[in-house]
file entry-v3.pdb (PDB, C-alpha atoms)
ATOM      1  CA  MET A   1       0.000   0.000   0.000  1.00  0.00           C
ATOM      2  CA  THR A   2       1.591   3.279  -1.100  1.00  0.00           C
ATOM      3  CA  TYR A   3       1.221   6.527   0.804  1.00  0.00           C
ATOM      4  CA  ASP A   4      -1.842   8.513  -0.273  1.00  0.00           C
ATOM      5  CA  GLN A   5      -2.481  11.805   1.517  1.00  0.00           C
ATOM      6  CA  SER A   6      -5.873  12.117  -0.202  1.00  0.00           C
ATOM      7  CA  ALA A   7      -7.064   8.920   1.520  1.00  0.00           C
ATOM      8  CA  LEU A   8      -6.753  10.582   4.943  1.00  0.00           C
ATOM      9  CA  PRO A   9      -9.704  12.421   6.520  1.00  0.00           C
ATOM     10  CA  ASP A  10     -10.419  16.096   5.906  1.00  0.00           C
ATOM     11  CA  VAL A  11      -9.234  17.923   9.023  1.00  0.00           C
ATOM     12  CA  THR A  12      -9.374  21.488   7.742  1.00  0.00           C
ATOM     13  CA  GLY A  13     -12.201  22.323  10.132  1.00  0.00           C
ATOM     14  CA  LEU A  14     -10.539  20.957  13.265  1.00  0.00           C
ATOM     15  CA  SER A  15      -9.179  23.307  15.911  1.00  0.00           C
ATOM     16  CA  VAL A  16      -5.800  22.519  17.471  1.00  0.00           C
ATOM     17  CA  GLY A  17      -4.940  23.284  21.094  1.00  0.00           C
ATOM     18  CA  ILE A  18      -1.326  23.447  22.261  1.00  0.00           C
ATOM     19  CA  LEU A  19      -0.511  22.727  25.903  1.00  0.00           C
ATOM     20  CA  GLY A  20       2.771  24.498  26.491  1.00  0.00           C
ATOM     21  CA  GLY A  21       2.193  26.688  23.467  1.00  0.00           C
ATOM     22  CA  THR A  22       4.644  29.332  24.692  1.00  0.00           C
ATOM     23  CA  GLY A  23       7.623  26.942  24.645  1.00  0.00           C
ATOM     24  CA  PRO A  24       9.782  26.547  21.514  1.00  0.00           C
ATOM     25  CA  GLN A  25       8.151  23.361  20.180  1.00  0.00           C
ATOM     26  CA  GLY A  26       4.592  24.329  21.063  1.00  0.00           C
ATOM     27  CA  ARG A  27       4.957  27.827  19.687  1.00  0.00           C
ATOM     28  CA  GLY A  28       6.492  26.507  16.466  1.00  0.00           C
ATOM     29  CA  LEU A  29       3.686  24.009  15.933  1.00  0.00           C
ATOM     30  CA  ALA A  30       1.114  26.691  16.711  1.00  0.00           C
ATOM     31  CA  TYR A  31       2.636  28.933  14.051  1.00  0.00           C
ATOM     32  CA  ARG A  32       2.677  26.235  11.377  1.00  0.00           C
ATOM     33  CA  PHE A  33      -0.895  25.120  12.037  1.00  0.00           C
ATOM     34  CA  ALA A  34      -2.104  28.716  12.081  1.00  0.00           C
ATOM     35  CA  ARG A  35      -0.221  29.400   8.852  1.00  0.00           C
ATOM     36  CA  ALA A  36      -2.006  26.399   7.334  1.00  0.00           C
ATOM     37  CA  GLY A  37      -5.343  27.930   8.308  1.00  0.00           C
ATOM     38  CA  GLN A  38      -6.237  25.710  11.279  1.00  0.00           C
ATOM     39  CA  ARG A  39      -7.856  27.425  14.239  1.00  0.00           C
ATOM     40  CA  VAL A  40      -5.258  27.343  17.017  1.00  0.00           C
ATOM     41  CA  LEU A  41      -5.720  27.717  20.782  1.00  0.00           C
ATOM     42  CA  VAL A  42      -2.412  28.520  22.465  1.00  0.00           C
ATOM     43  CA  GLY A  43      -2.156  27.354  26.062  1.00  0.00           C
ATOM     44  CA  SER A  44       0.279  28.208  28.836  1.00  0.00           C
ATOM     45  CA  ARG A  45       0.505  27.873  32.607  1.00  0.00           C
ATOM     46  CA  SER A  46      -0.202  31.622  32.611  1.00  0.00           C
ATOM     47  CA  MET A  47      -3.298  32.966  30.884  1.00  0.00           C
ATOM     48  CA  GLU A  48      -1.481  36.232  30.205  1.00  0.00           C
ATOM     49  CA  ARG A  49       1.502  34.505  28.554  1.00  0.00           C
ATOM     50  CA  GLY A  50      -0.789  32.379  26.411  1.00  0.00           C
ATOM     51  CA  ALA A  51      -2.729  35.409  25.246  1.00  0.00           C
ATOM     52  CA  GLN A  52       0.470  37.335  24.530  1.00  0.00           C
ATOM     53  CA  ALA A  53       1.937  34.451  22.519  1.00  0.00           C
ATOM     54  CA  ALA A  54      -1.265  34.217  20.471  1.00  0.00           C
ATOM     55  CA  GLU A  55      -1.135  37.941  19.739  1.00  0.00           C
ATOM     56  CA  GLU A  56       2.480  37.639  18.568  1.00  0.00           C
ATOM     57  CA  LEU A  57       1.716  34.590  16.418  1.00  0.00           C
ATOM     58  CA  ALA A  58      -1.265  36.312  14.819  1.00  0.00           C
ATOM     59  CA  ALA A  59       1.069  39.060  13.609  1.00  0.00           C
ATOM     60  CA  MET A  60       3.543  36.659  11.964  1.00  0.00           C
ATOM     61  CA  PRO A  61       3.795  36.314   8.165  1.00  0.00           C
ATOM     62  CA  GLY A  62       1.305  33.982   6.513  1.00  0.00           C
ATOM     63  CA  VAL A  63      -1.126  33.705   9.429  1.00  0.00           C
ATOM     64  CA  PRO A  64      -4.743  34.427   8.391  1.00  0.00           C
ATOM     65  CA  ALA A  65      -6.701  36.865  10.521  1.00  0.00           C
ATOM     66  CA  GLY A  66      -8.673  35.468  13.416  1.00  0.00           C
ATOM     67  CA  VAL A  67      -7.289  31.920  13.556  1.00  0.00           C
ATOM     68  CA  VAL A  68      -5.149  32.218  16.714  1.00  0.00           C
ATOM     69  CA  SER A  69      -6.307  32.810  20.275  1.00  0.00           C
ATOM     70  CA  GLY A  70      -4.610  32.191  23.593  1.00  0.00           C
ATOM     71  CA  GLY A  71      -5.090  31.616  27.283  1.00  0.00           C
ATOM     72  CA  ASP A  72      -4.104  29.077  29.901  1.00  0.00           C
ATOM     73  CA  ASN A  73      -3.712  25.347  29.292  1.00  0.00           C
ATOM     74  CA  ALA A  74      -7.326  24.716  30.304  1.00  0.00           C
ATOM     75  CA  PHE A  75      -8.362  27.141  27.565  1.00  0.00           C
ATOM     76  CA  ALA A  76      -6.367  25.135  24.997  1.00  0.00           C
ATOM     77  CA  CYS A  77      -8.231  21.980  26.045  1.00  0.00           C
ATOM     78  CA  GLY A  78     -11.293  23.420  24.347  1.00  0.00           C
ATOM     79  CA  ALA A  79      -9.871  22.483  20.923  1.00  0.00           C
ATOM     80  CA  ASP A  80     -10.852  19.406  18.920  1.00  0.00           C
ATOM     81  CA  VAL A  81      -7.291  18.032  18.969  1.00  0.00           C
ATOM     82  CA  VAL A  82      -4.937  18.855  21.848  1.00  0.00           C
ATOM     83  CA  ILE A  83      -1.151  18.594  21.529  1.00  0.00           C
ATOM     84  CA  VAL A  84       0.916  18.102  24.689  1.00  0.00           C
ATOM     85  CA  ALA A  85       4.136  20.081  24.235  1.00  0.00           C
ATOM     86  CA  VAL A  86       5.079  20.776  27.848  1.00  0.00           C
ATOM     87  CA  PRO A  87       8.530  20.127  29.366  1.00  0.00           C
ATOM     88  CA  TRP A  88       9.011  16.529  30.475  1.00  0.00           C
ATOM     89  CA  GLU A  89       9.507  17.652  34.070  1.00  0.00           C
ATOM     90  CA  GLY A  90       5.936  18.935  34.212  1.00  0.00           C
ATOM     91  CA  HIS A  91       4.345  16.342  31.935  1.00  0.00           C
ATOM     92  CA  GLU A  92       2.723  14.044  34.481  1.00  0.00           C
ATOM     93  CA  ALA A  93       1.352  16.801  36.701  1.00  0.00           C
ATOM     94  CA  THR A  94      -0.001  18.856  33.788  1.00  0.00           C
ATOM     95  CA  VAL A  95      -1.715  15.953  32.051  1.00  0.00           C
ATOM     96  CA  ALA A  96      -3.219  14.656  35.304  1.00  0.00           C
ATOM     97  CA  GLU A  97      -4.579  18.093  36.203  1.00  0.00           C
ATOM     98  CA  LEU A  98      -6.221  18.561  32.803  1.00  0.00           C
ATOM     99  CA  ALA A  99      -7.587  15.015  32.480  1.00  0.00           C
ATOM    100  CA  PRO A 100     -11.208  16.042  33.273  1.00  0.00           C
ATOM    101  CA  LEU A 101     -11.117  18.452  30.301  1.00  0.00           C
ATOM    102  CA  LEU A 102      -9.675  15.976  27.806  1.00  0.00           C
ATOM    103  CA  GLY A 103     -12.206  13.153  27.873  1.00  0.00           C
ATOM    104  CA  GLY A 104     -13.199  11.989  24.404  1.00  0.00           C
ATOM    105  CA  LYS A 105     -10.627  14.201  22.666  1.00  0.00           C
ATOM    106  CA  ILE A 106      -7.695  13.271  20.452  1.00  0.00           C
ATOM    107  CA  VAL A 107      -4.607  14.052  22.515  1.00  0.00           C
ATOM    108  CA  VAL A 108      -1.246  14.102  20.737  1.00  0.00           C
ATOM    109  CA  ASP A 109       1.831  13.731  22.920  1.00  0.00           C
ATOM    110  CA  CYS A 110       5.075  15.085  21.426  1.00  0.00           C
ATOM    111  CA  VAL A 111       7.130  15.147  24.626  1.00  0.00           C
ATOM    112  CA  ASN A 112      10.620  13.621  24.612  1.00  0.00           C
ATOM    113  CA  PRO A 113      11.857  12.429  28.035  1.00  0.00           C
ATOM    114  CA  LEU A 114      15.528  13.347  27.698  1.00  0.00           C
ATOM    115  CA  GLY A 115      18.410  14.118  30.003  1.00  0.00           C
ATOM    116  CA  PHE A 116      21.539  16.088  29.170  1.00  0.00           C
ATOM    117  CA  ASP A 117      25.112  15.814  30.400  1.00  0.00           C
ATOM    118  CA  LYS A 118      28.597  16.589  29.068  1.00  0.00           C
ATOM    119  CA  GLN A 119      28.224  13.801  26.498  1.00  0.00           C
ATOM    120  CA  GLY A 120      24.976  15.194  25.134  1.00  0.00           C
ATOM    121  CA  ALA A 121      21.346  14.093  25.154  1.00  0.00           C
ATOM    122  CA  PHE A 122      20.170  10.686  26.361  1.00  0.00           C
ATOM    123  CA  PRO A 123      16.742   9.072  26.873  1.00  0.00           C
ATOM    124  CA  LEU A 124      15.333   8.894  30.376  1.00  0.00           C
ATOM    125  CA  PRO A 125      13.524   5.802  31.658  1.00  0.00           C
ATOM    126  CA  VAL A 126       9.753   6.151  31.992  1.00  0.00           C
ATOM    127  CA  ALA A 127       7.850   3.705  34.182  1.00  0.00           C
ATOM    128  CA  GLU A 128       4.956   3.459  31.708  1.00  0.00           C
ATOM    129  CA  GLY A 129       7.346   2.947  28.777  1.00  0.00           C
ATOM    130  CA  SER A 130       7.116   6.412  27.200  1.00  0.00           C
ATOM    131  CA  ALA A 131       5.692   9.870  27.735  1.00  0.00           C
ATOM    132  CA  ALA A 132       2.819   8.981  25.405  1.00  0.00           C
ATOM    133  CA  GLU A 133       1.995   5.838  27.384  1.00  0.00           C
ATOM    134  CA  GLN A 134       2.128   7.853  30.591  1.00  0.00           C
ATOM    135  CA  ALA A 135      -0.399  10.241  29.037  1.00  0.00           C
ATOM    136  CA  ALA A 136      -2.600   7.320  27.971  1.00  0.00           C
ATOM    137  CA  THR A 137      -2.523   5.956  31.524  1.00  0.00           C
ATOM    138  CA  LEU A 138      -3.565   9.347  32.916  1.00  0.00           C
ATOM    139  CA  LEU A 139      -6.185   9.896  30.188  1.00  0.00           C
ATOM    140  CA  PRO A 140      -8.207   6.673  29.948  1.00  0.00           C
ATOM    141  CA  GLU A 141     -11.125   8.542  28.368  1.00  0.00           C
ATOM    142  CA  SER A 142      -9.006  10.227  25.679  1.00  0.00           C
ATOM    143  CA  ARG A 143      -7.734   9.027  22.298  1.00  0.00           C
ATOM    144  CA  VAL A 144      -3.997   9.350  22.822  1.00  0.00           C
ATOM    145  CA  CYS A 145      -1.512   9.367  19.952  1.00  0.00           C
ATOM    146  CA  ALA A 146       2.192  10.166  19.763  1.00  0.00           C
ATOM    147  CA  ALA A 147       3.599  12.435  17.032  1.00  0.00           C
ATOM    148  CA  PHE A 148       5.731  15.495  16.191  1.00  0.00           C
ATOM    149  CA  HIS A 149       8.769  14.344  18.195  1.00  0.00           C
ATOM    150  CA  HIS A 150      11.402  14.996  15.544  1.00  0.00           C
ATOM    151  CA  VAL A 151      10.383  18.427  14.265  1.00  0.00           C
ATOM    152  CA  SER A 152      12.905  21.239  14.676  1.00  0.00           C
ATOM    153  CA  ALA A 153      11.440  24.085  16.716  1.00  0.00           C
ATOM    154  CA  VAL A 154      13.848  26.446  14.946  1.00  0.00           C
ATOM    155  CA  LEU A 155      12.503  25.544  11.492  1.00  0.00           C
ATOM    156  CA  LEU A 156       8.891  25.601  12.657  1.00  0.00           C
ATOM    157  CA  ALA A 157       9.209  29.127  14.017  1.00  0.00           C
ATOM    158  CA  ASP A 158      11.162  30.602  11.105  1.00  0.00           C
ATOM    159  CA  PRO A 159       8.782  32.483   8.766  1.00  0.00           C
ATOM    160  CA  GLU A 160      11.437  32.368   6.034  1.00  0.00           C
ATOM    161  CA  VAL A 161      11.157  28.553   5.910  1.00  0.00           C
ATOM    162  CA  ALA A 162       8.359  27.855   3.450  1.00  0.00           C
ATOM    163  CA  GLY A 163       8.122  24.108   4.093  1.00  0.00           C
ATOM    164  CA  VAL A 164       9.417  21.737   6.766  1.00  0.00           C
ATOM    165  CA  ASP A 165      10.822  18.750   4.884  1.00  0.00           C
ATOM    166  CA  LEU A 166      10.204  15.630   6.961  1.00  0.00           C
ATOM    167  CA  ASP A 167       7.898  12.760   7.859  1.00  0.00           C
ATOM    168  CA  VAL A 168       6.042  12.800  11.156  1.00  0.00           C
ATOM    169  CA  LEU A 169       5.862   9.363  12.781  1.00  0.00           C
ATOM    170  CA  VAL A 170       2.372   8.892  14.234  1.00  0.00           C
ATOM    171  CA  LEU A 171       1.660   6.145  16.759  1.00  0.00           C
ATOM    172  CA  GLY A 172      -1.603   5.141  18.359  1.00  0.00           C
ATOM    173  CA  ASP A 173      -3.962   2.311  19.230  1.00  0.00           C
ATOM    174  CA  ASP A 174      -6.978   4.186  17.839  1.00  0.00           C
ATOM    175  CA  ARG A 175      -6.413   4.023  14.075  1.00  0.00           C
ATOM    176  CA  GLU A 176      -9.097   6.612  13.261  1.00  0.00           C
ATOM    177  CA  ALA A 177      -7.514   9.087  15.660  1.00  0.00           C
ATOM    178  CA  ALA A 178      -4.064   8.348  14.241  1.00  0.00           C
ATOM    179  CA  GLU A 179      -5.306   9.031  10.720  1.00  0.00           C
ATOM    180  CA  GLN A 180      -6.601  12.422  11.795  1.00  0.00           C
ATOM    181  CA  VAL A 181      -3.208  13.216  13.313  1.00  0.00           C
ATOM    182  CA  GLN A 182      -1.528  12.062  10.094  1.00  0.00           C
ATOM    183  CA  ALA A 183      -3.803  14.386   8.151  1.00  0.00           C
ATOM    184  CA  LEU A 184      -3.021  17.288  10.489  1.00  0.00           C
ATOM    185  CA  ALA A 185       0.700  16.720   9.959  1.00  0.00           C
ATOM    186  CA  GLY A 186       0.071  16.885   6.233  1.00  0.00           C
ATOM    187  CA  ARG A 187      -1.515  20.313   6.626  1.00  0.00           C
ATOM    188  CA  ILE A 188       1.971  21.710   7.315  1.00  0.00           C
ATOM    189  CA  GLU A 189       3.833  22.415   4.083  1.00  0.00           C
ATOM    190  CA  GLY A 190       6.497  19.781   3.408  1.00  0.00           C
ATOM    191  CA  MET A 191       5.322  17.277   6.022  1.00  0.00           C
ATOM    192  CA  ARG A 192       3.712  13.856   5.766  1.00  0.00           C
ATOM    193  CA  GLY A 193       2.123  11.973   8.637  1.00  0.00           C
ATOM    194  CA  VAL A 194       3.194   8.313   8.543  1.00  0.00           C
ATOM    195  CA  PHE A 195       1.567   5.675  10.741  1.00  0.00           C
ATOM    196  CA  ALA A 196       4.407   4.042  12.705  1.00  0.00           C
ATOM    197  CA  GLY A 197       2.708   1.511  14.974  1.00  0.00           C
ATOM    198  CA  ARG A 198       0.906   1.183  18.247  1.00  0.00           C
ATOM    199  CA  LEU A 199       1.451   3.373  21.258  1.00  0.00           C
ATOM    200  CA  ARG A 200       3.588   0.715  22.957  1.00  0.00           C
ATOM    201  CA  ASN A 201       6.294   1.543  20.394  1.00  0.00           C
ATOM    202  CA  ALA A 202       6.445   5.242  21.261  1.00  0.00           C
ATOM    203  CA  GLY A 203       9.428   4.841  23.586  1.00  0.00           C
ATOM    204  CA  GLN A 204      12.014   4.296  20.870  1.00  0.00           C
ATOM    205  CA  VAL A 205      10.533   7.125  18.777  1.00  0.00           C
ATOM    206  CA  GLU A 206      10.889   9.528  21.705  1.00  0.00           C
ATOM    207  CA  ALA A 207      14.407   8.248  22.432  1.00  0.00           C
ATOM    208  CA  LEU A 208      15.499   8.682  18.800  1.00  0.00           C
ATOM    209  CA  THR A 209      15.345  12.426  19.397  1.00  0.00           C
ATOM    210  CA  ALA A 210      18.610  12.104  21.329  1.00  0.00           C
ATOM    211  CA  ASN A 211      20.262  10.732  18.178  1.00  0.00           C
ATOM    212  CA  LEU A 212      18.899  13.582  16.070  1.00  0.00           C
ATOM    213  CA  ILE A 213      20.247  16.097  18.580  1.00  0.00           C
ATOM    214  CA  ALA A 214      23.678  14.462  18.219  1.00  0.00           C
ATOM    215  CA  ILE A 215      23.403  14.678  14.417  1.00  0.00           C
ATOM    216  CA  ASN A 216      22.406  18.325  14.607  1.00  0.00           C
ATOM    217  CA  ARG A 217      25.304  19.166  16.905  1.00  0.00           C
ATOM    218  CA  ARG A 218      27.829  17.336  14.734  1.00  0.00           C
ATOM    219  CA  TYR A 219      26.668  18.741  11.401  1.00  0.00           C
ATOM    220  CA  LYS A 220      25.190  22.063  12.568  1.00  0.00           C
ATOM    221  CA  ALA A 221      21.870  21.098  10.994  1.00  0.00           C
ATOM    222  CA  HIS A 222      18.164  20.739  11.800  1.00  0.00           C
ATOM    223  CA  ALA A 223      17.819  17.099  10.813  1.00  0.00           C
ATOM    224  CA  GLY A 224      14.488  15.359  10.402  1.00  0.00           C
ATOM    225  CA  ILE A 225      13.340  11.936   9.239  1.00  0.00           C
ATOM    226  CA  ARG A 226      12.116  10.759   5.849  1.00  0.00           C
ATOM    227  CA  VAL A 227      10.683   7.263   5.376  1.00  0.00           C
ATOM    228  CA  THR A 228      11.671   5.795   2.013  1.00  0.00           C
ATOM    229  CA  ASP A 229       9.630   3.642  -0.400  1.00  0.00           C
ATOM    230  CA  LEU A 230       6.309   5.255   0.525  1.00  0.00           C
TER     231      LEU A 230
END

call {"tool": "encode", "arguments": {"input": "entry-v3.pdb", "output": "structure tokens"}}
result
Amino acid sequence: MTYDQSALPDVTGLSVGILGGTGPQGRGLAYRFARAGQRVLVGSRSMERGAQAAEELAAMPGVPAGVVSGGDNAFACGADVVIVAVPWEGHEATVAELAPLLGGKIVVDCVNPLGFDKQGAFPLPVAEGSAAEQAATLLPESRVCAAFHHVSAVLLADPEVAGVDLDVLVLGDDREAAEQVQALAGRIEGMRGVFAGRLRNAGQVEALTANLIAINRRYKAHAGIRVTDL
């Protein structure tokens, strides 16, 4: 079966909420989705910071009028699809606190549990197996997927970059939800969303980010992943 973007669902009408939308990764994703015309709800621990970030994003090149709004993380939970882009240190507490607001929603976890020392980045052990599986444990009423782990925040946030050339690996046990996440990835110029297995396999996808960081440091690049023969 070859890759066919047109076979994926139409997600143009879906709103996207970003938990941690004022951090580098969350802000970059918010910009790209807004630039693609999705309605974006930027969330932050602080309502004021979320609103300020949304105002700044709305003024960036290529963003249509009226598609970005901001507030606290609870505000962002009002979207159809909610992306978790908070620091790993606050992941468990944030997801647990917002669980009552996320029932029935597609929740996309893009958090990479990494540590850093003099030798560089390395994956941290997670009792549940991965950040995404931790989210799924905390959100039994949500449709949890894992995606957007290997996307450079620098490229996402740069208005001079027309397209972000990579494949987004999407994992999930709910295939319909995963297909919607694949389709959302495809809304960003240059990206494809590729189904990469069940949620139990998210750990090695999150850990691979440490290897990409090493590549980027060695070659002074913003490396991504492309899957061949699709």

call {"tool": "closest_residue", "arguments": {"input": "entry-v3.pdb", "among": "A:Val151, A:Ala7, A:Leu14, A:Cys110", "to": "A:Ile213", "atoms": "all atoms listed in the file"}}
result
A:Val151

call {"tool": "closest_residue", "arguments": {"input": "entry-v3.pdb", "among": "A:Leu124, A:Ile225, A:Met191, A:Val81", "to": "A:His150", "atoms": "all atoms listed in the file"}}
result
A:Ile225

call {"tool": "atom_distance", "arguments": {"input": "entry-v3.pdb", "atom1": "atom CA of A:Asn73", "atom2": "atom CA of A:Ala121"}}
result
27.8 Å

call {"tool": "atom_distance", "arguments": {"input": "entry-v3.pdb", "atom1": "atom CA of A:Ala74", "atom2": "atom CA of A:Gln134"}}
result
19.3 Å

call {"tool": "resolve_selection", "arguments": {"input": "entry-v3.pdb", "expression": "the PyMOL selection byres ((chain A and resi 168-173) around 8)", "output": "PyMOL selection string"}}
result
chain A and resi 144-151+166-167+174-175+177-178+181-182+185+191-199+201-202+205+225

call {"tool": "residues_around", "arguments": {"input": "entry-v3.pdb", "residues": "A:Gln119", "least_positions_apart": "2", "cutoff": "12 Å", "atoms": "only C-alpha atoms", "output": "list in words"}}
result
Gly115, Phe116, Asp117, Ala121, Phe122, Ala210, Asn211, Ile213, Ala214 and Arg217 of chain A

call {"tool": "resolve_selection", "arguments": {"input": "entry-v3.pdb", "expression": "the PyMOL selection byres ((chain A and resi 12) around 12)", "output": "PyMOL selection string"}}
result
chain A and resi 8-11+13-16+33-34+36-40+80-81+180-181+183-188

call {"tool": "resolve_selection", "arguments": {"input": "entry-v3.pdb", "expression": "the PyMOL selection byres ((chain A and resi 75-79) around 10)", "output": "count of residues only"}}
result
35

call {"tool": "axis_aligned_box", "arguments": {"input": "entry-v3.pdb", "around": "stretch 43-61 of chain A", "padding_each_side": "4 Å", "output": "AutoDock Vina command-line options"}}
result
--center_x 0.2 --center_y 33.2 --center_z 20.4 --size_x 15.1 --size_y 19.7 --size_z 32.4

call {"tool": "decode", "arguments": {"input": "entry-v3.pdb", "residues": "stretch 90-168 of chain A", "atoms": "C-alpha atoms", "output": "PDB file, in the first residue's frame"}}
result
ATOM      1  CA  GLY A  90       5.936  18.935  34.212  1.00  0.00           C
ATOM      2  CA  HIS A  91       4.345  16.342  31.935  1.00  0.00           C
ATOM      3  CA  GLU A  92       2.723  14.044  34.481  1.00  0.00           C
ATOM      4  CA  ALA A  93       1.352  16.801  36.701  1.00  0.00           C
ATOM      5  CA  THR A  94      -0.001  18.856  33.788  1.00  0.00           C
ATOM      6  CA  VAL A  95      -1.715  15.953  32.051  1.00  0.00           C
ATOM      7  CA  ALA A  96      -3.219  14.656  35.304  1.00  0.00           C
ATOM      8  CA  GLU A  97      -4.579  18.093  36.203  1.00  0.00           C
ATOM      9  CA  LEU A  98      -6.221  18.561  32.803  1.00  0.00           C
ATOM     10  CA  ALA A  99      -7.587  15.015  32.480  1.00  0.00           C
ATOM     11  CA  PRO A 100     -11.208  16.042  33.273  1.00  0.00           C
ATOM     12  CA  LEU A 101     -11.117  18.452  30.301  1.00  0.00           C
ATOM     13  CA  LEU A 102      -9.675  15.976  27.806  1.00  0.00           C
ATOM     14  CA  GLY A 103     -12.206  13.153  27.873  1.00  0.00           C
ATOM     15  CA  GLY A 104     -13.199  11.989  24.404  1.00  0.00           C
ATOM     16  CA  LYS A 105     -10.627  14.201  22.666  1.00  0.00           C
ATOM     17  CA  ILE A 106      -7.695  13.271  20.452  1.00  0.00           C
ATOM     18  CA  VAL A 107      -4.607  14.052  22.515  1.00  0.00           C
ATOM     19  CA  VAL A 108      -1.246  14.102  20.737  1.00  0.00           C
ATOM     20  CA  ASP A 109       1.831  13.731  22.920  1.00  0.00           C
ATOM     21  CA  CYS A 110       5.075  15.085  21.426  1.00  0.00           C
ATOM     22  CA  VAL A 111       7.130  15.147  24.626  1.00  0.00           C
ATOM     23  CA  ASN A 112      10.620  13.621  24.612  1.00  0.00           C
ATOM     24  CA  PRO A 113      11.857  12.429  28.035  1.00  0.00           C
ATOM     25  CA  LEU A 114      15.528  13.347  27.698  1.00  0.00           C
ATOM     26  CA  GLY A 115      18.410  14.118  30.003  1.00  0.00           C
ATOM     27  CA  PHE A 116      21.539  16.088  29.170  1.00  0.00           C
ATOM     28  CA  ASP A 117      25.112  15.814  30.400  1.00  0.00           C
ATOM     29  CA  LYS A 118      28.597  16.589  29.068  1.00  0.00           C
ATOM     30  CA  GLN A 119      28.224  13.801  26.498  1.00  0.00           C
ATOM     31  CA  GLY A 120      24.976  15.194  25.134  1.00  0.00           C
ATOM     32  CA  ALA A 121      21.346  14.093  25.154  1.00  0.00           C
ATOM     33  CA  PHE A 122      20.170  10.686  26.361  1.00  0.00           C
ATOM     34  CA  PRO A 123      16.742   9.072  26.873  1.00  0.00           C
ATOM     35  CA  LEU A 124      15.333   8.894  30.376  1.00  0.00           C
ATOM     36  CA  PRO A 125      13.524   5.802  31.658  1.00  0.00           C
ATOM     37  CA  VAL A 126       9.753   6.151  31.992  1.00  0.00           C
ATOM     38  CA  ALA A 127       7.850   3.705  34.182  1.00  0.00           C
ATOM     39  CA  GLU A 128       4.956   3.459  31.708  1.00  0.00           C
ATOM     40  CA  GLY A 129       7.346   2.947  28.777  1.00  0.00           C
ATOM     41  CA  SER A 130       7.116   6.412  27.200  1.00  0.00           C
ATOM     42  CA  ALA A 131       5.692   9.870  27.735  1.00  0.00           C
ATOM     43  CA  ALA A 132       2.819   8.981  25.405  1.00  0.00           C
ATOM     44  CA  GLU A 133       1.995   5.838  27.384  1.00  0.00           C
ATOM     45  CA  GLN A 134       2.128   7.853  30.591  1.00  0.00           C
ATOM     46  CA  ALA A 135      -0.399  10.241  29.037  1.00  0.00           C
ATOM     47  CA  ALA A 136      -2.600   7.320  27.971  1.00  0.00           C
ATOM     48  CA  THR A 137      -2.523   5.956  31.524  1.00  0.00           C
ATOM     49  CA  LEU A 138      -3.565   9.347  32.916  1.00  0.00           C
ATOM     50  CA  LEU A 139      -6.185   9.896  30.188  1.00  0.00           C
ATOM     51  CA  PRO A 140      -8.207   6.673  29.948  1.00  0.00           C
ATOM     52  CA  GLU A 141     -11.125   8.542  28.368  1.00  0.00           C
ATOM     53  CA  SER A 142      -9.006  10.227  25.679  1.00  0.00           C
ATOM     54  CA  ARG A 143      -7.734   9.027  22.298  1.00  0.00           C
ATOM     55  CA  VAL A 144      -3.997   9.350  22.822  1.00  0.00           C
ATOM     56  CA  CYS A 145      -1.512   9.367  19.952  1.00  0.00           C
ATOM     57  CA  ALA A 146       2.192  10.166  19.763  1.00  0.00           C
ATOM     58  CA  ALA A 147       3.599  12.435  17.032  1.00  0.00           C
ATOM     59  CA  PHE A 148       5.731  15.495  16.191  1.00  0.00           C
ATOM     60  CA  HIS A 149       8.769  14.344  18.195  1.00  0.00           C
ATOM     61  CA  HIS A 150      11.402  14.996  15.544  1.00  0.00           C
ATOM     62  CA  VAL A 151      10.383  18.427  14.265  1.00  0.00           C
ATOM     63  CA  SER A 152      12.905  21.239  14.676  1.00  0.00           C
ATOM     64  CA  ALA A 153      11.440  24.085  16.716  1.00  0.00           C
ATOM     65  CA  VAL A 154      13.848  26.446  14.946  1.00  0.00           C
ATOM     66  CA  LEU A 155      12.503  25.544  11.492  1.00  0.00           C
ATOM     67  CA  LEU A 156       8.891  25.601  12.657  1.00  0.00           C
ATOM     68  CA  ALA A 157       9.209  29.127  14.017  1.00  0.00           C
ATOM     69  CA  ASP A 158      11.162  30.602  11.105  1.00  0.00           C
ATOM     70  CA  PRO A 159       8.782  32.483   8.766  1.00  0.00           C
ATOM     71  CA  GLU A 160      11.437  32.368   6.034  1.00  0.00           C
ATOM     72  CA  VAL A 161      11.157  28.553   5.910  1.00  0.00           C
ATOM     73  CA  ALA A 162       8.359  27.855   3.450  1.00  0.00           C
ATOM     74  CA  GLY A 163       8.122  24.108   4.093  1.00  0.00           C
ATOM     75  CA  VAL A 164       9.417  21.737   6.766  1.00  0.00           C
ATOM     76  CA  ASP A 165      10.822  18.750   4.884  1.00  0.00           C
ATOM     77  CA  LEU A 166      10.204  15.630   6.961  1.00  0.00           C
ATOM     78  CA  ASP A 167       7.898  12.760   7.859  1.00  0.00           C
ATOM     79  CA  VAL A 168       6.042  12.800  11.156  1.00  0.00           C
TER      80      VAL A 168
END
